[in-house]
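Asker: Sharing input03.pdb below, PDB, N, CA and C atoms, pLDDT in the B column:
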```
ATOM      1  N   MET H 496    -111.689-125.983 -54.723  1.00 62.00           N
ATOM      2  CA  MET H 496    -111.029-124.703 -54.838  1.00 62.00           C
ATOM      3  C   MET H 496    -111.912-123.754 -55.640  1.00 62.00           C
ATOM      4  N   ALA H 497    -111.996-122.526 -55.192  1.00 70.00           N
ATOM      5  CA  ALA H 497    -112.843-121.522 -55.822  1.00 70.00           C
ATOM      6  C   ALA H 497    -112.176-120.996 -57.092  1.00 70.00           C
ATOM      7  N   ARG H 498    -113.024-120.642 -58.048  1.00 82.00           N
ATOM      8  CA  ARG H 498    -112.511-120.112 -59.305  1.00 82.00           C
ATOM      9  C   ARG H 498    -113.262-118.847 -59.687  1.00 82.00           C
ATOM     10  N   GLY H 499    -112.577-117.991 -60.400  1.00 86.00           N
ATOM     11  CA  GLY H 499    -113.197-116.815 -60.978  1.00 86.00           C
ATOM     12  C   GLY H 499    -113.737-115.834 -59.954  1.00 86.00           C
ATOM     13  N   HIS H 500    -115.031-115.497 -60.148  1.00 91.00           N
ATOM     14  CA  HIS H 500    -115.683-114.481 -59.326  1.00 91.00           C
ATOM     15  C   HIS H 500    -115.744-114.895 -57.851  1.00 91.00           C
ATOM     16  N   GLN H 501    -115.989-116.176 -57.617  1.00 91.00           N
ATOM     17  CA  GLN H 501    -116.070-116.673 -56.241  1.00 91.00           C
ATOM     18  C   GLN H 501    -114.721-116.526 -55.539  1.00 91.00           C
ATOM     19  N   LYS H 502    -113.646-116.743 -56.250  1.00 90.00           N
ATOM     20  CA  LYS H 502    -112.299-116.600 -55.693  1.00 90.00           C
ATOM     21  C   LYS H 502    -112.039-115.154 -55.269  1.00 90.00           C
ATOM     22  N   ILE H 503    -112.426-114.219 -56.103  1.00 91.00           N
ATOM     23  CA  ILE H 503    -112.232-112.803 -55.800  1.00 91.00           C
ATOM     24  C   ILE H 503    -113.062-112.407 -54.579  1.00 91.00           C
ATOM     25  N   GLN H 504    -114.302-112.889 -54.519  1.00 93.00           N
ATOM     26  CA  GLN H 504    -115.166-112.583 -53.382  1.00 93.00           C
ATOM     27  C   GLN H 504    -114.582-113.128 -52.073  1.00 93.00           C
ATOM     28  N   SER H 505    -114.088-114.342 -52.106  1.00 92.00           N
ATOM     29  CA  SER H 505    -113.539-114.938 -50.885  1.00 92.00           C
ATOM     30  C   SER H 505    -112.256-114.215 -50.454  1.00 92.00           C
ATOM     31  N   GLN H 506    -111.463-113.743 -51.403  1.00 92.00           N
ATOM     32  CA  GLN H 506    -110.265-112.980 -51.072  1.00 92.00           C
ATOM     33  C   GLN H 506    -110.632-111.649 -50.412  1.00 92.00           C
ATOM     34  N   GLN H 507    -111.643-110.978 -50.959  1.00 94.00           N
ATOM     35  CA  GLN H 507    -112.075-109.707 -50.383  1.00 94.00           C
ATOM     36  C   GLN H 507    -112.638-109.901 -48.974  1.00 94.00           C
ATOM     37  N   LYS H 508    -113.404-110.976 -48.818  1.00 95.00           N
ATOM     38  CA  LYS H 508    -113.978-111.267 -47.508  1.00 95.00           C
ATOM     39  C   LYS H 508    -112.882-111.547 -46.481  1.00 95.00           C
ATOM     40  N   ALA H 509    -111.892-112.310 -46.869  1.00 94.00           N
ATOM     41  CA  ALA H 509    -110.781-112.617 -45.976  1.00 94.00           C
ATOM     42  C   ALA H 509    -109.977-111.365 -45.647  1.00 94.00           C
ATOM     43  N   GLN H 510    -109.812-110.490 -46.626  1.00 94.00           N
ATOM     44  CA  GLN H 510    -109.073-109.243 -46.417  1.00 94.00           C
ATOM     45  C   GLN H 510    -109.813-108.336 -45.423  1.00 94.00           C
ATOM     46  N   GLU H 511    -111.138-108.246 -45.554  1.00 94.00           N
ATOM     47  CA  GLU H 511    -111.940-107.451 -44.627  1.00 94.00           C
ATOM     48  C   GLU H 511    -111.880-108.030 -43.215  1.00 94.00           C
ATOM     49  N   LYS H 512    -111.928-109.342 -43.122  1.00 92.00           N
ATOM     50  CA  LYS H 512    -111.865-110.008 -41.829  1.00 92.00           C
ATOM     51  C   LYS H 512    -110.518-109.730 -41.152  1.00 92.00           C
ATOM     52  N   ASN H 513    -109.449-109.801 -41.903  1.00 90.00           N
ATOM     53  CA  ASN H 513    -108.113-109.530 -41.356  1.00 90.00           C
ATOM     54  C   ASN H 513    -107.974-108.063 -40.917  1.00 90.00           C
ATOM     55  N   ALA H 514    -108.572-107.156 -41.680  1.00 88.00           N
ATOM     56  CA  ALA H 514    -108.513-105.735 -41.332  1.00 88.00           C
ATOM     57  C   ALA H 514    -109.249-105.484 -40.009  1.00 88.00           C
ATOM     58  N   LYS H 515    -110.408-106.117 -39.826  1.00 86.00           N
ATOM     59  CA  LYS H 515    -111.157-105.971 -38.585  1.00 86.00           C
ATOM     60  C   LYS H 515    -110.372-106.530 -37.406  1.00 86.00           C
ATOM     61  N   MET H 516    -109.749-107.666 -37.583  1.00 84.00           N
ATOM     62  CA  MET H 516    -108.964-108.275 -36.511  1.00 84.00           C
ATOM     63  C   MET H 516    -107.778-107.391 -36.136  1.00 84.00           C
ATOM     64  N   LYS H 517    -107.130-106.820 -37.131  1.00 79.00           N
ATOM     65  CA  LYS H 517    -105.980-105.965 -36.877  1.00 79.00           C
ATOM     66  C   LYS H 517    -106.403-104.691 -36.151  1.00 79.00           C
ATOM     67  N   LYS H 518    -107.562-104.146 -36.510  1.00 76.00           N
ATOM     68  CA  LYS H 518    -108.066-102.941 -35.866  1.00 76.00           C
ATOM     69  C   LYS H 518    -108.407-103.215 -34.405  1.00 76.00           C
ATOM     70  N   GLN H 519    -108.980-104.365 -34.096  1.00 74.00           N
ATOM     71  CA  GLN H 519    -109.342-104.721 -32.726  1.00 74.00           C
ATOM     72  C   GLN H 519    -108.110-104.941 -31.863  1.00 74.00           C
ATOM     73  N   GLN H 520    -107.037-105.401 -32.443  1.00 70.00           N
ATOM     74  CA  GLN H 520    -105.816-105.652 -31.682  1.00 70.00           C
ATOM     75  C   GLN H 520    -105.203-104.357 -31.161  1.00 70.00           C
ATOM     76  N   GLY H 521    -105.482-103.246 -31.799  1.00 64.00           N
ATOM     77  CA  GLY H 521    -104.947-101.960 -31.370  1.00 64.00           C
ATOM     78  C   GLY H 521    -105.466-101.520 -30.015  1.00 64.00           C
ATOM     79  N   HIS H 522    -106.615-102.044 -29.611  1.00 65.00           N
ATOM     80  CA  HIS H 522    -107.228-101.659 -28.334  1.00 65.00           C
ATOM     81  C   HIS H 522    -107.133-102.825 -27.357  1.00 65.00           C
ATOM     82  N   GLY H 523    -105.962-103.346 -27.206  1.00 65.00           N
ATOM     83  CA  GLY H 523    -105.761-104.513 -26.358  1.00 65.00           C
ATOM     84  C   GLY H 523    -105.612-104.172 -24.892  1.00 65.00           C
ATOM     85  N   LEU H 524    -105.390-105.183 -24.129  1.00 69.00           N
ATOM     86  CA  LEU H 524    -105.262-105.054 -22.682  1.00 69.00           C
ATOM     87  C   LEU H 524    -104.041-104.234 -22.306  1.00 69.00           C
ATOM     88  N   SER H 525    -102.975-104.375 -23.045  1.00 75.00           N
ATOM     89  CA  SER H 525    -101.758-103.632 -22.713  1.00 75.00           C
ATOM     90  C   SER H 525    -101.972-102.127 -22.848  1.00 75.00           C
ATOM     91  N   ASP H 526    -102.726-101.694 -23.842  1.00 76.00           N
ATOM     92  CA  ASP H 526    -103.030-100.262 -23.998  1.00 76.00           C
ATOM     93  C   ASP H 526    -103.868 -99.759 -22.827  1.00 76.00           C
ATOM     94  N   GLN H 527    -104.828-100.557 -22.401  1.00 78.00           N
ATOM     95  CA  GLN H 527    -105.667-100.172 -21.275  1.00 78.00           C
ATOM     96  C   GLN H 527    -104.854-100.090 -19.987  1.00 78.00           C
ATOM     97  N   MET H 528    -103.953-101.036 -19.818  1.00 81.00           N
ATOM     98  CA  MET H 528    -103.115-101.045 -18.615  1.00 81.00           C
ATOM     99  C   MET H 528    -102.205 -99.815 -18.579  1.00 81.00           C
ATOM    100  N   LYS H 529    -101.658 -99.449 -19.729  1.00 83.00           N
ATOM    101  CA  LYS H 529    -100.788 -98.271 -19.802  1.00 83.00           C
ATOM    102  C   LYS H 529    -101.578 -97.002 -19.464  1.00 83.00           C
ATOM    103  N   ALA H 530    -102.785 -96.889 -19.991  1.00 82.00           N
ATOM    104  CA  ALA H 530    -103.612 -95.715 -19.728  1.00 82.00           C
ATOM    105  C   ALA H 530    -104.011 -95.651 -18.255  1.00 82.00           C
ATOM    106  N   ALA H 531    -104.337 -96.787 -17.679  1.00 81.00           N
ATOM    107  CA  ALA H 531    -104.715 -96.819 -16.265  1.00 81.00           C
ATOM    108  C   ALA H 531    -103.527 -96.453 -15.384  1.00 81.00           C
ATOM    109  N   GLN H 532    -102.358 -96.943 -15.728  1.00 83.00           N
ATOM    110  CA  GLN H 532    -101.166 -96.633 -14.944  1.00 83.00           C
ATOM    111  C   GLN H 532    -100.809 -95.156 -15.047  1.00 83.00           C
ATOM    112  N   LYS H 533    -101.037 -94.584 -16.203  1.00 85.00           N
ATOM    113  CA  LYS H 533    -100.748 -93.172 -16.417  1.00 85.00           C
ATOM    114  C   LYS H 533    -101.681 -92.293 -15.581  1.00 85.00           C
ATOM    115  N   ALA H 534    -102.909 -92.768 -15.336  1.00 85.00           N
ATOM    116  CA  ALA H 534    -103.890 -91.995 -14.582  1.00 85.00           C
ATOM    117  C   ALA H 534    -103.611 -91.996 -13.082  1.00 85.00           C
ATOM    118  N   LEU H 535    -102.844 -92.967 -12.603  1.00 87.00           N
ATOM    119  CA  LEU H 535    -102.541 -93.044 -11.176  1.00 87.00           C
ATOM    120  C   LEU H 535    -101.361 -92.136 -10.863  1.00 87.00           C
ATOM    121  N   VAL H 536    -101.662 -90.922 -10.434  1.00 89.00           N
ATOM    122  CA  VAL H 536    -100.644 -89.891 -10.266  1.00 89.00           C
ATOM    123  C   VAL H 536    -100.112 -89.817  -8.838  1.00 89.00           C
ATOM    124  N   PHE H 537    -100.996 -89.930  -7.844  1.00 90.00           N
ATOM    125  CA  PHE H 537    -100.606 -89.766  -6.446  1.00 90.00           C
ATOM    126  C   PHE H 537    -100.238 -91.110  -5.835  1.00 90.00           C
ATOM    127  N   SER H 538     -99.191 -91.113  -5.028  1.00 92.00           N
ATOM    128  CA  SER H 538     -98.724 -92.318  -4.376  1.00 92.00           C
ATOM    129  C   SER H 538     -98.701 -92.098  -2.863  1.00 92.00           C
ATOM    130  N   CYS H 539     -99.264 -93.038  -2.125  1.00 92.00           N
ATOM    131  CA  CYS H 539     -99.336 -92.928  -0.674  1.00 92.00           C
ATOM    132  C   CYS H 539     -97.930 -92.992  -0.077  1.00 92.00           C
ATOM    133  N   ALA H 540     -97.660 -92.094   0.861  1.00 89.00           N
ATOM    134  CA  ALA H 540     -96.342 -92.022   1.481  1.00 89.00           C
ATOM    135  C   ALA H 540     -96.081 -93.202   2.406  1.00 89.00           C
ATOM    136  N   VAL H 541     -97.127 -93.826   2.927  1.00 93.00           N
ATOM    137  CA  VAL H 541     -96.963 -94.918   3.885  1.00 93.00           C
ATOM    138  C   VAL H 541     -96.925 -96.283   3.191  1.00 93.00           C
ATOM    139  N   CYS H 542     -97.972 -96.588   2.414  1.00 94.00           N
ATOM    140  CA  CYS H 542     -98.075 -97.932   1.830  1.00 94.00           C
ATOM    141  C   CYS H 542     -97.754 -97.995   0.344  1.00 94.00           C
ATOM    142  N   LYS H 543     -97.467 -96.872  -0.275  1.00 93.00           N
ATOM    143  CA  LYS H 543     -97.069 -96.778  -1.689  1.00 93.00           C
ATOM    144  C   LYS H 543     -98.161 -97.179  -2.681  1.00 93.00           C
ATOM    145  N   SER H 544     -99.418 -97.276  -2.228  1.00 92.00           N
ATOM    146  CA  SER H 544    -100.494 -97.535  -3.178  1.00 92.00           C
ATOM    147  C   SER H 544    -100.757 -96.261  -3.977  1.00 92.00           C
ATOM    148  N   GLN H 545    -101.280 -96.411  -5.186  1.00 92.00           N
ATOM    149  CA  GLN H 545    -101.441 -95.276  -6.088  1.00 92.00           C
ATOM    150  C   GLN H 545    -102.903 -94.882  -6.210  1.00 92.00           C
ATOM    151  N   MET H 546    -103.141 -93.563  -6.295  1.00 91.00           N
ATOM    152  CA  MET H 546    -104.472 -93.019  -6.418  1.00 91.00           C
ATOM    153  C   MET H 546    -104.548 -92.029  -7.582  1.00 91.00           C
ATOM    154  N   PRO H 547    -105.737 -91.882  -8.185  1.00 91.00           N
ATOM    155  CA  PRO H 547    -105.857 -90.997  -9.349  1.00 91.00           C
ATOM    156  C   PRO H 547    -105.954 -89.514  -9.026  1.00 91.00           C
ATOM    157  N   ASP H 548    -106.478 -89.157  -7.845  1.00 90.00           N
ATOM    158  CA  ASP H 548    -106.639 -87.732  -7.531  1.00 90.00           C
ATOM    159  C   ASP H 548    -106.423 -87.474  -6.037  1.00 90.00           C
ATOM    160  N   PRO H 549    -106.217 -86.211  -5.663  1.00 91.00           N
ATOM    161  CA  PRO H 549    -105.925 -85.905  -4.262  1.00 91.00           C
ATOM    162  C   PRO H 549    -107.086 -86.198  -3.300  1.00 91.00           C
ATOM    163  N   LYS H 550    -108.313 -86.083  -3.781  1.00 93.00           N
ATOM    164  CA  LYS H 550    -109.465 -86.354  -2.920  1.00 93.00           C
ATOM    165  C   LYS H 550    -109.475 -87.830  -2.509  1.00 93.00           C
ATOM    166  N   THR H 551    -109.256 -88.696  -3.450  1.00 92.00           N
ATOM    167  CA  THR H 551    -109.195 -90.127  -3.164  1.00 92.00           C
ATOM    168  C   THR H 551    -108.019 -90.443  -2.259  1.00 92.00           C
ATOM    169  N   TYR H 552    -106.909 -89.770  -2.514  1.00 92.00           N
ATOM    170  CA  TYR H 552    -105.710 -89.958  -1.691  1.00 92.00           C
ATOM    171  C   TYR H 552    -105.989 -89.573  -0.242  1.00 92.00           C
ATOM    172  N   LYS H 553    -106.682 -88.456  -0.046  1.00 92.00           N
ATOM    173  CA  LYS H 553    -107.001 -88.005   1.310  1.00 92.00           C
ATOM    174  C   LYS H 553    -107.931 -89.000   2.008  1.00 92.00           C
ATOM    175  N   GLN H 554    -108.949 -89.477   1.299  1.00 94.00           N
ATOM    176  CA  GLN H 554    -109.869 -90.468   1.869  1.00 94.00           C
ATOM    177  C   GLN H 554    -109.116 -91.741   2.240  1.00 94.00           C
ATOM    178  N   HIS H 555    -108.240 -92.169   1.362  1.00 93.00           N
ATOM    179  CA  HIS H 555    -107.431 -93.362   1.616  1.00 93.00           C
ATOM    180  C   HIS H 555    -106.589 -93.167   2.879  1.00 93.00           C
ATOM    181  N   PHE H 556    -105.946 -92.033   2.964  1.00 92.00           N
ATOM    182  CA  PHE H 556    -105.044 -91.774   4.089  1.00 92.00           C
ATOM    183  C   PHE H 556    -105.817 -91.728   5.408  1.00 92.00           C
ATOM    184  N   GLU H 557    -106.984 -91.082   5.402  1.00 92.00           N
ATOM    185  CA  GLU H 557    -107.790 -90.985   6.618  1.00 92.00           C
ATOM    186  C   GLU H 557    -108.331 -92.354   7.054  1.00 92.00           C
ATOM    187  N   ASN H 558    -108.657 -93.212   6.103  1.00 94.00           N
ATOM    188  CA  ASN H 558    -109.228 -94.518   6.426  1.00 94.00           C
ATOM    189  C   ASN H 558    -108.168 -95.579   6.736  1.00 94.00           C
ATOM    190  N   LYS H 559    -107.104 -95.591   5.994  1.00 95.00           N
ATOM    191  CA  LYS H 559    -106.104 -96.647   6.139  1.00 95.00           C
ATOM    192  C   LYS H 559    -104.999 -96.318   7.136  1.00 95.00           C
ATOM    193  N   HIS H 560    -104.699 -95.049   7.303  1.00 92.00           N
ATOM    194  CA  HIS H 560    -103.610 -94.635   8.184  1.00 92.00           C
ATOM    195  C   HIS H 560    -104.082 -93.540   9.156  1.00 92.00           C
ATOM    196  N   PRO H 561    -105.080 -93.823   9.986  1.00 92.00           N
ATOM    197  CA  PRO H 561    -105.646 -92.767  10.853  1.00 92.00           C
ATOM    198  C   PRO H 561    -104.678 -92.256  11.922  1.00 92.00           C
ATOM    199  N   LYS H 562    -103.721 -93.083  12.321  1.00 93.00           N
ATOM    200  CA  LYS H 562    -102.793 -92.665  13.379  1.00 93.00           C
ATOM    201  C   LYS H 562    -101.662 -91.792  12.841  1.00 93.00           C
ATOM    202  N   ASN H 563    -101.390 -91.882  11.571  1.00 92.00           N
ATOM    203  CA  ASN H 563    -100.313 -91.082  10.972  1.00 92.00           C
ATOM    204  C   ASN H 563    -100.804 -89.661  10.694  1.00 92.00           C
ATOM    205  N   GLU H 564     -99.873 -88.742  10.681  1.00 91.00           N
ATOM    206  CA  GLU H 564    -100.205 -87.353  10.386  1.00 91.00           C
ATOM    207  C   GLU H 564    -100.402 -87.177   8.886  1.00 91.00           C
ATOM    208  N   LEU H 565    -101.367 -86.342   8.523  1.00 89.00           N
ATOM    209  CA  LEU H 565    -101.665 -86.089   7.113  1.00 89.00           C
ATOM    210  C   LEU H 565    -100.488 -85.398   6.441  1.00 89.00           C
ATOM    211  N   PRO H 566    -100.082 -85.837   5.250  1.00 87.00           N
ATOM    212  CA  PRO H 566     -98.988 -85.169   4.551  1.00 87.00           C
ATOM    213  C   PRO H 566     -99.339 -83.705   4.220  1.00 87.00           C
ATOM    214  N   ALA H 567     -98.335 -82.896   4.041  1.00 86.00           N
ATOM    215  CA  ALA H 567     -98.529 -81.465   3.772  1.00 86.00           C
ATOM    216  C   ALA H 567     -99.348 -81.230   2.499  1.00 86.00           C
ATOM    217  N   GLU H 568     -99.166 -82.080   1.522  1.00 84.00           N
ATOM    218  CA  GLU H 568     -99.901 -81.900   0.254  1.00 84.00           C
ATOM    219  C   GLU H 568    -101.395 -82.145   0.390  1.00 84.00           C
ATOM    220  N   LEU H 569    -101.827 -82.819   1.466  1.00 84.00           N
ATOM    221  CA  LEU H 569    -103.248 -83.103   1.660  1.00 84.00           C
ATOM    222  C   LEU H 569    -103.924 -82.191   2.679  1.00 84.00           C
ATOM    223  N   LYS H 570    -103.176 -81.420   3.391  1.00 81.00           N
ATOM    224  CA  LYS H 570    -103.760 -80.575   4.445  1.00 81.00           C
ATOM    225  C   LYS H 570    -104.621 -79.449   3.896  1.00 81.00           C
ATOM    226  N   ASP H 571    -104.317 -78.963   2.720  1.00 77.00           N
ATOM    227  CA  ASP H 571    -105.087 -77.842   2.162  1.00 77.00           C
ATOM    228  C   ASP H 571    -106.316 -78.301   1.385  1.00 77.00           C
ATOM    229  N   ILE H 572    -106.527 -79.559   1.249  1.00 76.00           N
ATOM    230  CA  ILE H 572    -107.664 -80.081   0.468  1.00 76.00           C
ATOM    231  C   ILE H 572    -108.898 -80.218   1.356  1.00 76.00           C
TER     232      ILE H 572
END
```
The structure given in the file should be rewritten as C-alpha coordinates.
Answerer:
Amino acid sequence: MARGHQKIQSQQKAQEKNAKMKKQQGHGLSDQMKAAQKALVFSCAVCKSQMPDPKTYKQHFENKHPKNELPAELKDI
(Lines of atoms letter the chains of each structure in order from A and count residues from 1; the text may use other names and numbers.)
(Lines give C-alpha, C1' and ligand atoms only; values in the text may rest on other atoms or scores of the structure.)
Protein backbone atom coordinates (compact mmCIF):
# COMPACT_ATOMS: atom_id res chain seq x y z
CA MET A 1 0.00 0.00 0.00
CA ALA A 2 1.28 3.45 -0.93
CA ARG A 3 2.00 6.02 1.73
CA GLY A 4 2.51 9.74 1.84
CA HIS A 5 3.56 11.48 -1.36
CA GLN A 6 3.22 8.33 -3.48
CA LYS A 7 -0.38 7.91 -2.30
CA ILE A 8 -1.26 11.46 -3.33
CA GLN A 9 0.38 10.98 -6.73
CA SER A 10 -1.50 7.76 -7.41
CA GLN A 11 -4.80 9.39 -6.40
CA GLN A 12 -4.20 12.30 -8.77
CA LYS A 13 -3.25 9.93 -11.57
CA ALA A 14 -6.39 7.87 -11.04
CA GLN A 15 -8.52 11.03 -10.94
CA GLU A 16 -7.05 12.24 -14.26
CA LYS A 17 -7.62 8.83 -15.81
CA ASN A 18 -11.26 8.81 -14.70
CA ALA A 19 -11.78 12.34 -16.05
CA LYS A 20 -10.42 11.30 -19.46
CA MET A 21 -12.65 8.23 -19.55
CA LYS A 22 -15.71 10.28 -18.62
CA LYS A 23 -14.92 12.86 -21.31
CA GLN A 24 -14.58 10.14 -23.99
CA GLN A 25 -17.93 8.63 -23.03
CA GLY A 26 -19.67 11.86 -24.03
CA HIS A 27 -18.87 11.19 -27.69
CA GLY A 28 -20.29 7.70 -27.85
CA LEU A 29 -22.03 5.80 -30.57
CA SER A 30 -25.47 6.86 -29.43
CA ASP A 31 -24.61 10.55 -29.92
CA GLN A 32 -23.32 9.82 -33.42
CA MET A 33 -26.43 7.83 -34.27
CA LYS A 34 -28.69 10.66 -33.08
CA ALA A 35 -26.77 13.22 -35.17
CA ALA A 36 -26.87 10.99 -38.24
CA GLN A 37 -30.59 10.40 -37.85
CA LYS A 38 -31.19 14.12 -37.47
CA ALA A 39 -29.35 14.77 -40.76
CA LEU A 40 -31.63 12.43 -42.73
CA VAL A 41 -34.40 14.86 -43.61
CA PHE A 42 -35.94 13.56 -46.86
CA SER A 43 -37.84 10.28 -47.00
CA CYS A 44 -38.58 8.39 -50.21
CA ALA A 45 -42.29 8.20 -50.99
CA VAL A 46 -42.00 4.68 -52.41
CA CYS A 47 -39.53 2.73 -50.26
CA LYS A 48 -39.34 5.03 -47.19
CA SER A 49 -35.53 5.14 -47.21
CA GLN A 50 -34.07 8.39 -45.86
CA MET A 51 -31.75 10.83 -47.60
CA PRO A 52 -29.84 13.89 -46.35
CA ASP A 53 -30.59 16.30 -49.22
CA PRO A 54 -32.90 16.72 -52.22
CA LYS A 55 -30.15 16.07 -54.78
CA THR A 56 -29.44 12.65 -53.31
CA TYR A 57 -33.16 12.00 -53.07
CA LYS A 58 -33.61 12.79 -56.77
CA GLN A 59 -30.70 10.52 -57.76
CA HIS A 60 -32.12 7.75 -55.59
CA PHE A 61 -35.57 8.12 -57.11
CA GLU A 62 -34.27 8.12 -60.69
CA ASN A 63 -32.11 5.03 -60.10
CA LYS A 64 -34.30 2.93 -57.83
CA HIS A 65 -37.78 3.84 -59.06
CA PRO A 66 -37.42 4.73 -62.78
CA LYS A 67 -40.96 3.67 -63.69
CA ASN A 68 -42.61 5.84 -61.04
CA GLU A 69 -43.33 9.50 -61.63
CA LEU A 70 -41.05 12.00 -59.89
CA PRO A 71 -42.67 13.60 -56.83
CA ALA A 72 -43.62 17.28 -57.09
CA GLU A 73 -40.94 18.29 -54.59
CA LEU A 74 -38.22 16.91 -56.89
CA LYS A 75 -39.41 18.25 -60.24
CA ASP A 76 -37.96 21.73 -59.72
CA ILE A 77 -34.50 20.48 -58.75
Asker: Go ahead and compute the interatomic distance for CA of Lys533 in chain H and CA of Asp548 in chain H, in Å to one decimal.
Answerer: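 So the two atoms, CA of Lys533 in chain H and CA of Asp548 in chain H, lie 12.0 Å apart.
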Asker: Could you write out as lines of an AutoDock Vina configuration file the box around range 556-570 of chain H (axis-aligned, all atoms listed in the file, 4 Å on each side), with centre and edge lengths in Å to one decimal?
Answerer:
```
center_x = -103.8
center_y = -88.0
center_z = 6.8
size_x = 18.9
size_y = 25.2
size_z = 21.1
```
Asker: Expressed in Å to a single decimal, how great is the separation between atom N of Gln504 in chain H and atom C of Gln519 in chain H?
Answerer: 24.8 Å
Asker: Extract, using only N, CA and C atoms, all DNA, RNA and protein residues at most 8 Å from Pro549 in chain H, discarding same-chain residues fewer than 3 positions from it, and format them as a PyMOL selection string.
Answerer: chain H and resi 536-537+546+552-555+568-569+572
Asker: Could you name the residues that touch Phe556 in chain H at 8 Å or less, counting all atoms listed in the file, but leaving out those on the same chain fewer than 5 positions away, as a PDB file with N, CA and C atoms, in the coordinates of the input?
Answerer:
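Produced file selection22.pdb, reproduced below:
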```pdb
ATOM      1  N   CYS H 539     -99.264 -93.038  -2.125  1.00 92.00           N
ATOM      2  CA  CYS H 539     -99.336 -92.928  -0.674  1.00 92.00           C
ATOM      3  C   CYS H 539     -97.930 -92.992  -0.077  1.00 92.00           C
ATOM      4  N   LYS H 550    -108.313 -86.083  -3.781  1.00 93.00           N
ATOM      5  CA  LYS H 550    -109.465 -86.354  -2.920  1.00 93.00           C
ATOM      6  C   LYS H 550    -109.475 -87.830  -2.509  1.00 93.00           C
ATOM      7  N   THR H 551    -109.256 -88.696  -3.450  1.00 92.00           N
ATOM      8  CA  THR H 551    -109.195 -90.127  -3.164  1.00 92.00           C
ATOM      9  C   THR H 551    -108.019 -90.443  -2.259  1.00 92.00           C
ATOM     10  N   PRO H 561    -105.080 -93.823   9.986  1.00 92.00           N
ATOM     11  CA  PRO H 561    -105.646 -92.767  10.853  1.00 92.00           C
ATOM     12  C   PRO H 561    -104.678 -92.256  11.922  1.00 92.00           C
ATOM     13  N   LYS H 562    -103.721 -93.083  12.321  1.00 93.00           N
ATOM     14  CA  LYS H 562    -102.793 -92.665  13.379  1.00 93.00           C
ATOM     15  C   LYS H 562    -101.662 -91.792  12.841  1.00 93.00           C
ATOM     16  N   ASN H 563    -101.390 -91.882  11.571  1.00 92.00           N
ATOM     17  CA  ASN H 563    -100.313 -91.082  10.972  1.00 92.00           C
ATOM     18  C   ASN H 563    -100.804 -89.661  10.694  1.00 92.00           C
ATOM     19  N   GLU H 564     -99.873 -88.742  10.681  1.00 91.00           N
ATOM     20  CA  GLU H 564    -100.205 -87.353  10.386  1.00 91.00           C
ATOM     21  C   GLU H 564    -100.402 -87.177   8.886  1.00 91.00           C
ATOM     22  N   LEU H 565    -101.367 -86.342   8.523  1.00 89.00           N
ATOM     23  CA  LEU H 565    -101.665 -86.089   7.113  1.00 89.00           C
ATOM     24  C   LEU H 565    -100.488 -85.398   6.441  1.00 89.00           C
ATOM     25  N   PRO H 566    -100.082 -85.837   5.250  1.00 87.00           N
ATOM     26  CA  PRO H 566     -98.988 -85.169   4.551  1.00 87.00           C
ATOM     27  C   PRO H 566     -99.339 -83.705   4.220  1.00 87.00           C
TER      28      PRO H 566
END
```
Asker: Suppose you want the space between CA of Lys517 in chain H and CA of Gln501 in chain H; what is it in Å?
Answerer: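 Between CA of Lys517 in chain H and CA of Gln501 in chain H the gap is 24.3 Å.
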Asker: Mind the document's chain letters and residue numbers, and return as a ChimeraX atom specification the residues of chain H that DSSP labels alpha helix (DSSP H).
Answerer: /H:500-520,524-534,549-559,567-570
Asker: I need the residues of chain H that end up classed as strand (DSSP E or B) by DSSP on the backbone, written out as a PyMOL selection string.
Answerer: chain H and resi 537-538+545-546
